[in-house]
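Text of work18.pdb (PDB, C-alpha atoms) as supplied:
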MODEL        1
ATOM      1  CA  MET N 121      36.781 -68.414  49.550
ATOM      2  CA  SER N 122      35.472 -64.916  50.164
ATOM      3  CA  ASP N 123      36.285 -61.344  49.200
ATOM      4  CA  PRO N 124      35.288 -58.362  51.368
ATOM      5  CA  ARG N 125      35.824 -55.738  48.645
ATOM      6  CA  PRO N 126      32.756 -53.818  47.420
ATOM      7  CA  ILE N 127      30.756 -54.282  44.245
ATOM      8  CA  GLY N 128      30.814 -51.284  41.909
ATOM      9  CA  VAL N 129      27.528 -50.213  40.326
ATOM     10  CA  PHE N 130      27.452 -47.621  37.557
ATOM     11  CA  ASP N 131      24.580 -45.811  35.863
ATOM     12  CA  SER N 132      24.139 -42.608  33.912
ATOM     13  CA  GLY N 133      21.997 -41.292  36.769
ATOM     14  CA  VAL N 134      19.514 -42.491  39.389
ATOM     15  CA  GLY N 135      18.030 -45.371  37.408
ATOM     16  CA  GLY N 136      20.669 -47.832  38.530
ATOM     17  CA  LEU N 137      19.430 -47.437  42.095
ATOM     18  CA  THR N 138      16.680 -49.882  41.108
ATOM     19  CA  VAL N 139      19.393 -52.456  40.356
ATOM     20  CA  LEU N 140      21.269 -51.569  43.554
ATOM     21  CA  ARG N 141      18.091 -52.119  45.577
ATOM     22  CA  GLU N 142      17.741 -55.644  44.179
ATOM     23  CA  ILE N 143      21.438 -56.391  44.737
ATOM     24  CA  LEU N 144      21.083 -55.457  48.408
ATOM     25  CA  ARG N 145      17.959 -57.570  48.759
ATOM     26  CA  ARG N 146      19.589 -60.568  47.112
ATOM     27  CA  THR N 147      23.081 -60.271  48.638
ATOM     28  CA  PRO N 148      22.761 -58.277  51.880
ATOM     29  CA  ALA N 149      26.289 -59.115  53.063
ATOM     30  CA  GLU N 150      27.878 -57.339  50.086
ATOM     31  CA  SER N 151      29.336 -53.833  50.295
ATOM     32  CA  THR N 152      28.727 -51.497  47.358
ATOM     33  CA  VAL N 153      29.947 -48.336  45.669
ATOM     34  CA  TYR N 154      27.356 -46.683  43.430
ATOM     35  CA  LEU N 155      28.290 -44.021  40.881
ATOM     36  CA  GLY N 156      25.644 -42.036  39.023
ATOM     37  CA  ASP N 157      26.847 -39.748  36.229
ATOM     38  CA  ASN N 158      23.850 -37.437  36.633
ATOM     39  CA  ALA N 159      25.727 -34.397  35.345
ATOM     40  CA  ARG N 160      25.906 -35.939  31.876
ATOM     41  CA  ALA N 161      22.591 -37.805  31.851
ATOM     42  CA  PRO N 162      20.817 -38.873  29.787
ATOM     43  CA  TYR N 163      23.229 -41.089  27.880
ATOM     44  CA  GLY N 164      20.527 -42.422  25.597
ATOM     45  CA  THR N 165      20.417 -39.376  23.316
ATOM     46  CA  ARG N 166      24.227 -39.169  22.950
ATOM     47  CA  ASP N 167      26.315 -40.708  20.173
ATOM     48  CA  ASP N 168      28.082 -43.986  20.761
ATOM     49  CA  ALA N 169      31.560 -42.460  21.065
ATOM     50  CA  GLU N 170      30.444 -40.205  23.925
ATOM     51  CA  VAL N 171      28.754 -43.103  25.691
ATOM     52  CA  ARG N 172      31.951 -45.156  25.478
ATOM     53  CA  ALA N 173      34.137 -42.285  26.705
ATOM     54  CA  PHE N 174      31.837 -41.368  29.617
ATOM     55  CA  SER N 175      31.314 -44.998  30.637
ATOM     56  CA  THR N 176      35.061 -45.592  30.660
ATOM     57  CA  GLU N 177      35.649 -42.583  32.909
ATOM     58  CA  ALA N 178      33.027 -43.776  35.365
ATOM     59  CA  VAL N 179      34.241 -47.368  35.510
ATOM     60  CA  ASP N 180      37.819 -46.103  35.860
ATOM     61  CA  ALA N 181      36.675 -44.300  39.019
ATOM     62  CA  LEU N 182      35.066 -47.468  40.408
ATOM     63  CA  VAL N 183      38.049 -49.683  39.613
ATOM     64  CA  ALA N 184      40.299 -47.125  41.337
ATOM     65  CA  ARG N 185      38.257 -47.834  44.499
ATOM     66  CA  ASP N 186      39.293 -51.504  44.313
ATOM     67  CA  VAL N 187      35.885 -53.003  43.525
ATOM     68  CA  LYS N 188      35.799 -56.759  42.966
ATOM     69  CA  ALA N 189      33.140 -56.662  40.230
ATOM     70  CA  VAL N 190      31.240 -54.017  38.300
ATOM     71  CA  VAL N 191      27.565 -53.942  37.331
ATOM     72  CA  ILE N 192      26.819 -51.672  34.383
ATOM     73  CA  ALA N 193      23.315 -50.722  35.531
ATOM     74  CA  CYS N 194      22.797 -48.537  32.469
ATOM     75  CA  ASN N 195      21.170 -50.147  29.452
ATOM     76  CA  THR N 196      22.688 -47.626  27.055
ATOM     77  CA  SER N 197      26.211 -48.244  28.351
ATOM     78  CA  THR N 198      25.594 -51.992  28.319
ATOM     79  CA  ALA N 199      24.387 -51.868  24.723
ATOM     80  CA  VAL N 200      27.147 -49.603  23.434
ATOM     81  CA  ALA N 201      30.210 -50.072  25.645
ATOM     82  CA  LEU N 202      30.080 -53.429  27.472
ATOM     83  CA  GLY N 203      32.519 -55.184  25.137
ATOM     84  CA  ASP N 204      35.044 -52.344  25.350
ATOM     85  CA  LEU N 205      34.782 -52.213  29.136
ATOM     86  CA  ARG N 206      35.316 -55.946  29.524
ATOM     87  CA  ARG N 207      38.442 -55.759  27.388
ATOM     88  CA  ARG N 208      39.789 -52.819  29.415
ATOM     89  CA  TYR N 209      39.522 -54.236  32.954
ATOM     90  CA  ASP N 210      40.489 -57.441  34.734
ATOM     91  CA  VAL N 211      37.472 -57.409  37.091
ATOM     92  CA  PRO N 212      34.257 -59.224  36.096
ATOM     93  CA  ILE N 213      31.765 -56.834  34.464
ATOM     94  CA  LEU N 214      28.047 -57.596  34.224
ATOM     95  CA  GLY N 215      25.526 -55.763  32.062
ATOM     96  CA  VAL N 216      21.762 -55.551  32.422
ATOM     97  CA  ILE N 217      20.552 -56.482  28.937
ATOM     98  CA  ARG N 218      21.071 -60.237  28.838
ATOM     99  CA  PRO N 219      19.392 -60.990  32.205
ATOM    100  CA  GLY N 220      16.361 -58.851  31.325
ATOM    101  CA  ALA N 221      16.052 -60.349  27.857
ATOM    102  CA  VAL N 222      16.074 -63.901  29.221
ATOM    103  CA  THR N 223      13.337 -63.038  31.729
ATOM    104  CA  ALA N 224      11.162 -61.428  29.036
ATOM    105  CA  ALA N 225      11.544 -64.416  26.704
ATOM    106  CA  LEU N 226      10.464 -66.745  29.510
ATOM    107  CA  THR N 227       7.555 -64.513  30.579
ATOM    108  CA  THR N 228       5.709 -63.995  27.299
ATOM    109  CA  ARG N 229       2.810 -66.328  26.577
ATOM    110  CA  ASN N 230       1.880 -65.205  23.066
ATOM    111  CA  ARG N 231       5.528 -64.664  22.006
ATOM    112  CA  ARG N 232       5.124 -60.922  21.454
ATOM    113  CA  VAL N 233       7.419 -58.696  23.535
ATOM    114  CA  GLY N 234       7.583 -54.919  23.451
ATOM    115  CA  VAL N 235      10.788 -53.163  24.513
ATOM    116  CA  ILE N 236      10.966 -49.526  25.574
ATOM    117  CA  ALA N 237      14.384 -47.934  25.997
ATOM    118  CA  THR N 238      16.518 -44.928  25.134
ATOM    119  CA  PRO N 239      17.247 -44.118  21.475
ATOM    120  CA  ALA N 240      20.829 -45.393  21.773
ATOM    121  CA  THR N 241      19.731 -48.736  23.236
ATOM    122  CA  ILE N 242      17.053 -49.178  20.576
ATOM    123  CA  ARG N 243      19.539 -48.183  17.864
ATOM    124  CA  SER N 244      21.879 -50.955  19.005
ATOM    125  CA  HIS N 245      19.128 -53.634  18.741
ATOM    126  CA  ALA N 246      20.821 -55.287  21.723
ATOM    127  CA  TYR N 247      17.534 -56.395  23.294
ATOM    128  CA  PHE N 248      16.216 -57.684  19.974
ATOM    129  CA  ALA N 249      19.321 -59.832  19.520
ATOM    130  CA  ALA N 250      19.378 -61.049  23.130
ATOM    131  CA  ILE N 251      15.693 -62.052  23.145
ATOM    132  CA  LYS N 252      16.055 -63.783  19.775
ATOM    133  CA  ASP N 253      19.094 -65.659  21.092
ATOM    134  CA  GLU N 254      16.957 -66.960  23.939
ATOM    135  CA  ASN N 255      13.913 -67.801  21.800
ATOM    136  CA  PRO N 256      13.982 -67.127  18.029
ATOM    137  CA  ALA N 257      10.194 -67.540  17.843
ATOM    138  CA  VAL N 258       9.498 -64.417  19.947
ATOM    139  CA  GLU N 259       8.412 -61.322  18.031
ATOM    140  CA  VAL N 260      10.239 -58.271  19.407
ATOM    141  CA  TYR N 261       8.890 -54.730  18.971
ATOM    142  CA  GLU N 262      11.406 -52.060  19.986
ATOM    143  CA  HIS N 263      10.373 -48.480  20.696
ATOM    144  CA  ALA N 264      12.469 -45.508  21.811
ATOM    145  CA  THR N 265      10.972 -43.434  24.637
ATOM    146  CA  PRO N 266      13.377 -40.500  25.105
ATOM    147  CA  ALA N 267      11.013 -38.390  27.222
ATOM    148  CA  LEU N 268      11.063 -40.712  30.227
ATOM    149  CA  VAL N 269      14.652 -40.505  31.509
ATOM    150  CA  PRO N 270      14.788 -36.682  31.845
ATOM    151  CA  MET N 271      11.492 -36.828  33.713
ATOM    152  CA  VAL N 272      12.837 -39.384  36.207
ATOM    153  CA  GLU N 273      16.123 -37.495  36.616
ATOM    154  CA  ALA N 274      14.056 -34.412  37.485
ATOM    155  CA  GLY N 275      12.402 -36.379  40.293
ATOM    156  CA  LEU N 276       8.974 -36.623  38.618
ATOM    157  CA  LEU N 277       7.874 -40.152  39.501
ATOM    158  CA  SER N 278       4.086 -39.869  39.802
ATOM    159  CA  GLY N 279       1.148 -37.605  39.085
ATOM    160  CA  PRO N 280      -0.865 -36.461  36.037
ATOM    161  CA  GLU N 281       2.155 -35.181  34.102
ATOM    162  CA  VAL N 282       3.959 -38.495  34.485
ATOM    163  CA  GLU N 283       0.881 -40.482  33.454
ATOM    164  CA  ARG N 284       0.344 -38.272  30.399
ATOM    165  CA  THR N 285       3.985 -38.592  29.303
ATOM    166  CA  VAL N 286       3.968 -42.361  29.798
ATOM    167  CA  ARG N 287       0.695 -42.721  27.870
ATOM    168  CA  ASP N 288       2.098 -40.778  24.921
ATOM    169  CA  ALA N 289       5.339 -42.768  25.012
ATOM    170  CA  LEU N 290       3.645 -46.188  25.056
ATOM    171  CA  ALA N 291       0.886 -45.452  22.562
ATOM    172  CA  PRO N 292       2.636 -46.951  19.498
ATOM    173  CA  LEU N 293       3.212 -50.258  21.286
ATOM    174  CA  LEU N 294      -0.326 -50.440  22.638
ATOM    175  CA  GLY N 295      -2.206 -50.192  19.378
ATOM    176  CA  GLU N 296      -2.100 -46.563  18.238
ATOM    177  CA  ARG N 297      -2.911 -46.400  14.512
ATOM    178  CA  ASP N 298      -2.039 -43.943  11.785
ATOM    179  CA  GLY N 299      -4.405 -42.011   9.535
ATOM    180  CA  SER N 300      -4.940 -45.038   7.297
ATOM    181  CA  GLY N 301      -5.912 -47.214  10.227
ATOM    182  CA  ASP N 302      -2.686 -49.228  10.118
ATOM    183  CA  SER N 303      -0.774 -50.088  13.239
ATOM    184  CA  ILE N 304       2.460 -48.157  13.671
ATOM    185  CA  PHE N 305       4.049 -51.502  14.461
ATOM    186  CA  PRO N 306       3.219 -54.473  12.184
ATOM    187  CA  LEU N 307       0.629 -55.946  14.505
ATOM    188  CA  PRO N 308      -2.799 -57.062  13.275
ATOM    189  CA  PRO N 309      -5.808 -55.673  15.178
ATOM    190  CA  SER N 310      -6.226 -58.901  17.144
ATOM    191  CA  ALA N 311      -2.562 -59.112  18.141
ATOM    192  CA  ARG N 312      -1.059 -57.312  21.086
ATOM    193  CA  ILE N 313       2.129 -57.620  23.051
ATOM    194  CA  ASP N 314       1.619 -59.454  26.334
ATOM    195  CA  THR N 315       5.003 -58.551  27.846
ATOM    196  CA  LEU N 316       6.643 -55.144  28.141
ATOM    197  CA  LEU N 317      10.366 -55.071  28.900
ATOM    198  CA  LEU N 318      11.620 -51.925  30.604
ATOM    199  CA  GLY N 319      14.910 -51.526  28.756
ATOM    200  CA  CYS N 320      16.182 -48.697  30.937
ATOM    201  CA  THR N 321      16.884 -48.881  34.649
ATOM    202  CA  HIS N 322      15.241 -45.491  35.163
ATOM    203  CA  TYR N 323      11.863 -46.866  34.118
ATOM    204  CA  PRO N 324      11.116 -49.033  37.194
ATOM    205  CA  LEU N 325      10.974 -45.776  39.182
ATOM    206  CA  ILE N 326       7.789 -44.957  37.239
ATOM    207  CA  GLN N 327       6.617 -48.549  36.938
ATOM    208  CA  ALA N 328       3.295 -47.814  38.640
ATOM    209  CA  ALA N 329       2.409 -45.329  35.899
ATOM    210  CA  ILE N 330       3.655 -47.688  33.180
ATOM    211  CA  ALA N 331       1.608 -50.587  34.560
ATOM    212  CA  ALA N 332      -1.505 -48.413  34.799
ATOM    213  CA  VAL N 333      -1.182 -47.382  31.146
ATOM    214  CA  ALA N 334      -0.249 -50.867  29.882
ATOM    215  CA  GLY N 335      -3.125 -52.587  31.669
ATOM    216  CA  GLN N 336      -3.425 -55.837  33.580
ATOM    217  CA  ARG N 337      -3.044 -58.071  30.525
ATOM    218  CA  ILE N 338       0.541 -56.987  29.905
ATOM    219  CA  ALA N 339       3.321 -58.317  32.147
ATOM    220  CA  ILE N 340       5.958 -55.749  33.064
ATOM    221  CA  VAL N 341       9.550 -57.019  33.149
ATOM    222  CA  ASP N 342      12.542 -55.053  34.385
ATOM    223  CA  SER N 343      16.105 -56.283  34.468
ATOM    224  CA  ALA N 344      16.951 -55.338  38.059
ATOM    225  CA  SER N 345      15.942 -58.582  39.758
ATOM    226  CA  ALA N 346      17.373 -60.751  36.976
ATOM    227  CA  THR N 347      20.650 -58.812  37.072
ATOM    228  CA  ALA N 348      20.946 -59.200  40.852
ATOM    229  CA  SER N 349      20.431 -62.948  40.464
ATOM    230  CA  ALA N 350      23.079 -63.111  37.717
ATOM    231  CA  LEU N 351      25.479 -61.131  39.911
ATOM    232  CA  SER N 352      24.989 -63.590  42.772
ATOM    233  CA  GLU N 353      25.972 -66.453  40.462
ATOM    234  CA  LEU N 354      28.952 -64.497  39.134
ATOM    235  CA  LEU N 355      30.256 -63.906  42.659
ATOM    236  CA  LEU N 356      29.803 -67.580  43.501
ATOM    237  CA  ILE N 357      31.545 -68.874  40.382
ATOM    238  CA  ASN N 358      34.495 -66.537  40.862
ATOM    239  CA  GLY N 359      34.822 -67.094  44.622
ATOM    240  CA  LEU N 360      34.082 -63.416  45.309
ATOM    241  CA  GLU N 361      31.277 -63.626  47.851
ATOM    242  CA  ALA N 362      31.582 -61.389  50.894
ATOM    243  CA  PRO N 363      32.394 -62.854  54.315
ATOM    244  CA  GLY N 364      29.147 -63.732  56.033
ATOM    245  CA  SER N 365      27.262 -64.667  52.851
ATOM    246  CA  SER N 366      24.788 -67.499  53.380
ATOM    247  CA  ARG N 367      25.842 -69.488  50.313
ATOM    248  CA  GLY N 368      27.471 -72.758  51.310
ATOM    249  CA  THR N 369      25.873 -72.810  54.764
ATOM    250  CA  ALA N 370      22.953 -74.780  56.108
ATOM    251  CA  ALA N 371      20.688 -71.963  54.921
ATOM    252  CA  ASP N 372      21.974 -72.296  51.356
ATOM    253  CA  ALA N 373      24.129 -75.305  50.669
ATOM    254  CA  GLY N 374      25.403 -73.910  47.388
ATOM    255  CA  ARG N 375      26.945 -75.960  44.628
ATOM    256  CA  GLU N 376      28.798 -79.207  45.148
ATOM    257  CA  GLY N 377      32.349 -78.560  46.228
ATOM    258  CA  HIS N 378      31.717 -74.913  47.111
ATOM    259  CA  GLU N 379      33.211 -73.910  50.436
ATOM    260  CA  PRO N 380      31.204 -71.499  52.600
ATOM    261  CA  PRO N 381      32.523 -67.926  52.764
ATOM    262  CA  ALA N 382      34.398 -66.834  55.871
ATOM    263  CA  PRO N 383      32.358 -65.511  58.810
ATOM    264  CA  SER N 384      31.391 -61.866  58.689
ATOM    265  CA  THR N 385      34.006 -59.410  59.920
ATOM    266  CA  GLY N 386      31.579 -56.493  60.219
ATOM    267  CA  PRO N 387      28.551 -54.858  58.602
ATOM    268  CA  ALA N 388      28.470 -54.146  54.876
ATOM    269  CA  THR N 389      29.350 -50.605  53.828
ATOM    270  CA  HIS N 390      27.712 -48.558  51.100
ATOM    271  CA  VAL N 391      28.875 -45.478  49.233
ATOM    272  CA  GLN N 392      26.736 -43.437  46.845
ATOM    273  CA  LEU N 393      28.394 -40.958  44.485
ATOM    274  CA  THR N 394      26.978 -38.561  41.905
ATOM    275  CA  THR N 395      28.535 -36.200  39.397
ATOM    276  CA  GLY N 396      25.412 -34.048  39.476
ATOM    277  CA  ASP N 397      23.180 -32.284  41.998
ATOM    278  CA  VAL N 398      23.795 -33.989  45.331
ATOM    279  CA  GLU N 399      20.530 -32.769  46.882
ATOM    280  CA  ALA N 400      18.428 -34.018  43.959
ATOM    281  CA  PHE N 401      20.166 -37.397  44.049
ATOM    282  CA  ARG N 402      19.802 -37.589  47.821
ATOM    283  CA  GLY N 403      16.061 -36.983  47.529
ATOM    284  CA  ILE N 404      15.472 -39.920  45.195
ATOM    285  CA  ALA N 405      17.871 -42.209  47.099
ATOM    286  CA  ALA N 406      16.060 -41.393  50.359
ATOM    287  CA  ARG N 407      12.708 -42.320  48.799
ATOM    288  CA  MET N 408      14.111 -45.709  47.819
ATOM    289  CA  PHE N 409      16.318 -46.592  50.801
ATOM    290  CA  GLY N 410      15.084 -44.435  53.669
ATOM    291  CA  GLU N 411      17.642 -43.823  56.376
ATOM    292  CA  SER N 412      19.526 -47.059  55.778
ATOM    293  CA  PHE N 413      22.162 -45.451  53.544
ATOM    294  CA  PRO N 414      24.874 -42.933  54.398
ATOM    295  CA  ASP N 415      24.870 -39.485  52.886
ATOM    296  CA  VAL N 416      25.416 -39.029  49.162
ATOM    297  CA  ALA N 417      28.743 -37.533  48.079
ATOM    298  CA  GLY N 418      29.683 -35.606  44.975
ATOM    299  CA  ILE N 419      32.414 -36.751  42.601
ATOM    300  CA  ASP N 420      34.068 -35.013  39.668
ATOM    301  CA  LEU N 421      34.602 -36.896  36.429
ATOM    302  CA  PRO N 422      36.130 -34.226  34.205
ATOM    303  CA  VAL N 423      35.705 -35.141  30.593
ATOM    304  CA  GLN N 424      39.023 -35.963  28.981
ATOM    305  CA  ARG N 425      38.118 -33.701  26.109
ATOM    306  CA  ASP N 426      41.128 -34.298  23.877
ATOM    307  CA  GLN N 427      40.744 -38.051  24.201
ATOM    308  CA  ALA N 428      36.972 -37.881  23.786
ATOM    309  CA  MET N 429      37.280 -35.770  20.651
ATOM    310  CA  GLN N 430      39.785 -38.248  19.227
ATOM    311  CA  VAL N 431      37.327 -41.050  19.869
ATOM    312  CA  VAL N 432      34.463 -39.106  18.300
ATOM    313  CA  GLY N 433      36.577 -38.271  15.281
ATOM    314  CA  ALA N 434      37.833 -41.820  14.824
TER     315      ALA N 434
ENDMDL
END

For this file, produce the structure as structure tokens.
Amino acid sequence: MSDPRPIGVFDSGVGGLTVLREILRRTPAESTVYLGDNARAPYGTRDDAEVRAFSTEAVDALVARDVKAVVIACNTSTAVALGDLRRRYDVPILGVIRPGAVTAALTTRNRRVGVIATPATIRSHAYFAAIKDENPAVEVYEHATPALVPMVEAGLLSGPEVERTVRDALAPLLGERDGSGDSIFPLPPSARIDTLLLGCTHYPLIQAAIAAVAGQRIAIVDSASATASALSELLLINGLEAPGSSRGTAADAGREGHEPPAPSTGPATHVQLTTGDVEAFRGIAARMFGESFPDVAGIDLPVQRDQAMQVVGA
């Protein structure tokens, strides 16, 4: 079986491009439609009702383009709205929290994992629960870092300002102490996290600065690669792989009883859409993908204000 329809990828802005990059690396035969809601980013400082309403509008737009699966490449939307979105649509919908949490739980050696994310994601405790589900013995230290997403959305990915902002944001997880000499997090002086989970898909765009501040002893985990791997399995299980995929061939025999996808009928196609500044989005996309992608297009997602206000007031 095979399915030539595209995969839909949604994020509140440019951060989900890190997930898209891994999807293309892992499944190069797949076509994609990416939608970044840059005009209303960041989602992480909004209330849950707004996140649900905005996420629904965006996924509605992807489903209207006849996508065969949707990746919610936004941690905030995954944490707040994933259940609602799965109940609303018939297509498979994959979030980014579970794959990243599993990777972090498997990576840590001293069973102490720090998580940085937006305030809404931290408020949901979704990563805490997912990591504990994987390994209850892991200590999870969650920390909101609201200054990072606006910086990435503005195109600031390196330089002294980025390093200074990252250092300030990570300080509580890396041993900063209060006036009494006590750790802000309940860690004894000899204990430190050895794994840092980037709980926002914007953060890998400044991973070099994060790694420099965290130091060589701390492993950096982001959910992009794990999510792309989970998506590959989802497509396989549901018989949704694109024609020309290698699964089930001599290159990749696949699972027992799995028939190889049909031969390729043409090159994969890719569409990138943004609700915000097209030129700003194009600049970041070009830095990540070079000339391999077509031009970025604008899209309007007018807020259904009456409906949104009803949701907020519910």

Which one of N:Leu137, N:Val129, N:Leu360, N:Leu155 sits closest to Phe409 of chain N if you count all atoms listed in the file?
->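 Counting all atoms listed in the file, the residue closest to Phe409 of chain N is N:Leu137.
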
Quick one: which residues end up in the PyMOL selection byres ((chain N and resi 359) around 8) for this structure, as a PyMOL selection string?
-> chain N and resi 121-123+355-358+360-361

Which residues, written as an mmCIF file with C-alpha atoms, in the coordinates of the input, have at least one atom at most 10 Å from segment 172-184 of chain N, with all atoms listed in the file counted and residues fewer than 4 positions away on the same chain left out?
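New file selection_31.cif:
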data_model
loop_
_atom_site.group_PDB
_atom_site.id
_atom_site.type_symbol
_atom_site.label_atom_id
_atom_site.label_comp_id
_atom_site.auth_asym_id
_atom_site.auth_seq_id
_atom_site.Cartn_x
_atom_site.Cartn_y
_atom_site.Cartn_z
ATOM 1 C CA PRO N 126 32.756 -53.818 47.420
ATOM 2 C CA ILE N 127 30.756 -54.282 44.245
ATOM 3 C CA GLY N 128 30.814 -51.284 41.909
ATOM 4 C CA VAL N 129 27.528 -50.213 40.326
ATOM 5 C CA PHE N 130 27.452 -47.621 37.557
ATOM 6 C CA ASP N 131 24.580 -45.811 35.863
ATOM 7 C CA SER N 132 24.139 -42.608 33.912
ATOM 8 C CA VAL N 153 29.947 -48.336 45.669
ATOM 9 C CA TYR N 154 27.356 -46.683 43.430
ATOM 10 C CA LEU N 155 28.290 -44.021 40.881
ATOM 11 C CA GLY N 156 25.644 -42.036 39.023
ATOM 12 C CA ASP N 157 26.847 -39.748 36.229
ATOM 13 C CA ARG N 160 25.906 -35.939 31.876
ATOM 14 C CA TYR N 163 23.229 -41.089 27.880
ATOM 15 C CA ASP N 167 26.315 -40.708 20.173
ATOM 16 C CA ASP N 168 28.082 -43.986 20.761
ATOM 17 C CA LYS N 188 35.799 -56.759 42.966
ATOM 18 C CA ALA N 189 33.140 -56.662 40.230
ATOM 19 C CA VAL N 190 31.240 -54.017 38.300
ATOM 20 C CA VAL N 191 27.565 -53.942 37.331
ATOM 21 C CA ILE N 192 26.819 -51.672 34.383
ATOM 22 C CA CYS N 194 22.797 -48.537 32.469
ATOM 23 C CA THR N 196 22.688 -47.626 27.055
ATOM 24 C CA SER N 197 26.211 -48.244 28.351
ATOM 25 C CA THR N 198 25.594 -51.992 28.319
ATOM 26 C CA VAL N 200 27.147 -49.603 23.434
ATOM 27 C CA ALA N 201 30.210 -50.072 25.645
ATOM 28 C CA LEU N 202 30.080 -53.429 27.472
ATOM 29 C CA ASP N 204 35.044 -52.344 25.350
ATOM 30 C CA LEU N 205 34.782 -52.213 29.136
ATOM 31 C CA ARG N 208 39.789 -52.819 29.415
ATOM 32 C CA TYR N 209 39.522 -54.236 32.954
ATOM 33 C CA ASP N 210 40.489 -57.441 34.734
ATOM 34 C CA VAL N 211 37.472 -57.409 37.091
ATOM 35 C CA ILE N 213 31.765 -56.834 34.464
ATOM 36 C CA THR N 395 28.535 -36.200 39.397
ATOM 37 C CA ILE N 419 32.414 -36.751 42.601
ATOM 38 C CA ASP N 420 34.068 -35.013 39.668
ATOM 39 C CA LEU N 421 34.602 -36.896 36.429
ATOM 40 C CA PRO N 422 36.130 -34.226 34.205
ATOM 41 C CA VAL N 423 35.705 -35.141 30.593
ATOM 42 C CA GLN N 424 39.023 -35.963 28.981
ATOM 43 C CA ARG N 425 38.118 -33.701 26.109
ATOM 44 C CA GLN N 427 40.744 -38.051 24.201
ATOM 45 C CA ALA N 428 36.972 -37.881 23.786
ATOM 46 C CA MET N 429 37.280 -35.770 20.651
ATOM 47 C CA VAL N 431 37.327 -41.050 19.869
ATOM 48 C CA VAL N 432 34.463 -39.106 18.300
#

One decimal, Å: what's the distance from atom CA of Arg146 of chain N over to atom CA of Ile340 of chain N, could you say?
->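 Interatomic distance here is 20.2 Å.
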
Figure out the distance between atom CA of Met408 of chain N and atom CA of Ala291 of chain N, please, to one decimal in Å.
-> 28.5 Å

I'd like to see the residues matched by the PyMOL selection byres ((chain N and resi 262-267) around 9) on this file, and ideally I'd get them as a JSON list (two decimals) with C-alpha atoms, in the coordinates of the input.
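To be explicit, this is the file written out as result26.json:
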[["chain", "number", "residue", "atom", "x", "y", "z"],
["N", 162, "PRO", "CA", 20.82, -38.87, 29.79],
["N", 164, "GLY", "CA", 20.53, -42.42, 25.60],
["N", 165, "THR", "CA", 20.42, -39.38, 23.32],
["N", 233, "VAL", "CA", 7.42, -58.70, 23.54],
["N", 234, "GLY", "CA", 7.58, -54.92, 23.45],
["N", 235, "VAL", "CA", 10.79, -53.16, 24.51],
["N", 236, "ILE", "CA", 10.97, -49.53, 25.57],
["N", 237, "ALA", "CA", 14.38, -47.93, 26.00],
["N", 238, "THR", "CA", 16.52, -44.93, 25.13],
["N", 239, "PRO", "CA", 17.25, -44.12, 21.48],
["N", 240, "ALA", "CA", 20.83, -45.39, 21.77],
["N", 241, "THR", "CA", 19.73, -48.74, 23.24],
["N", 242, "ILE", "CA", 17.05, -49.18, 20.58],
["N", 243, "ARG", "CA", 19.54, -48.18, 17.86],
["N", 245, "HIS", "CA", 19.13, -53.63, 18.74],
["N", 247, "TYR", "CA", 17.53, -56.40, 23.29],
["N", 248, "PHE", "CA", 16.22, -57.68, 19.97],
["N", 260, "VAL", "CA", 10.24, -58.27, 19.41],
["N", 261, "TYR", "CA", 8.89, -54.73, 18.97],
["N", 268, "LEU", "CA", 11.06, -40.71, 30.23],
["N", 269, "VAL", "CA", 14.65, -40.51, 31.51],
["N", 270, "PRO", "CA", 14.79, -36.68, 31.84],
["N", 271, "MET", "CA", 11.49, -36.83, 33.71],
["N", 285, "THR", "CA", 3.98, -38.59, 29.30],
["N", 286, "VAL", "CA", 3.97, -42.36, 29.80],
["N", 289, "ALA", "CA", 5.34, -42.77, 25.01],
["N", 290, "LEU", "CA", 3.64, -46.19, 25.06],
["N", 292, "PRO", "CA", 2.64, -46.95, 19.50],
["N", 293, "LEU", "CA", 3.21, -50.26, 21.29]]

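For the file at hand, the PyMOL selection byres ((chain N and resi 337) around 10) resolves to Arg312, Ile313, Asp314, Thr315, Ala331, Ala334, Gly335, Gln336, Ile338, Ala339 and Ile340 of chain N.
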
Gly279 of chain N proximity check over N:Ala332, N:Ser244, N:Ile217, N:Arg232, using only C-alpha atoms: winner is N:Ala332

So how many Å separate atom CA of Leu317 of chain N and atom CA of Asp253 of chain N, to one decimal?
->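 Pair atom CA of Leu317 of chain N / atom CA of Asp253 of chain N returns 15.8 Å.
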
Counting all atoms listed in the file, figure out which residue out of N:Asp415, N:Glu254, N:Glu170, N:Glu283 gets nearest to Ile330 of chain N.
-> N:Glu283

Identify which of the residues N:Gly133, N:Gly319, N:Gly418, N:Gly386 lies closest to Asp342 of chain N, counting all atoms listed in the file when measuring atom-to-atom distances.
->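 Of N:Gly133, N:Gly319, N:Gly418, N:Gly386, the one nearest Asp342 of chain N, counting all atoms listed in the file, is N:Gly319.
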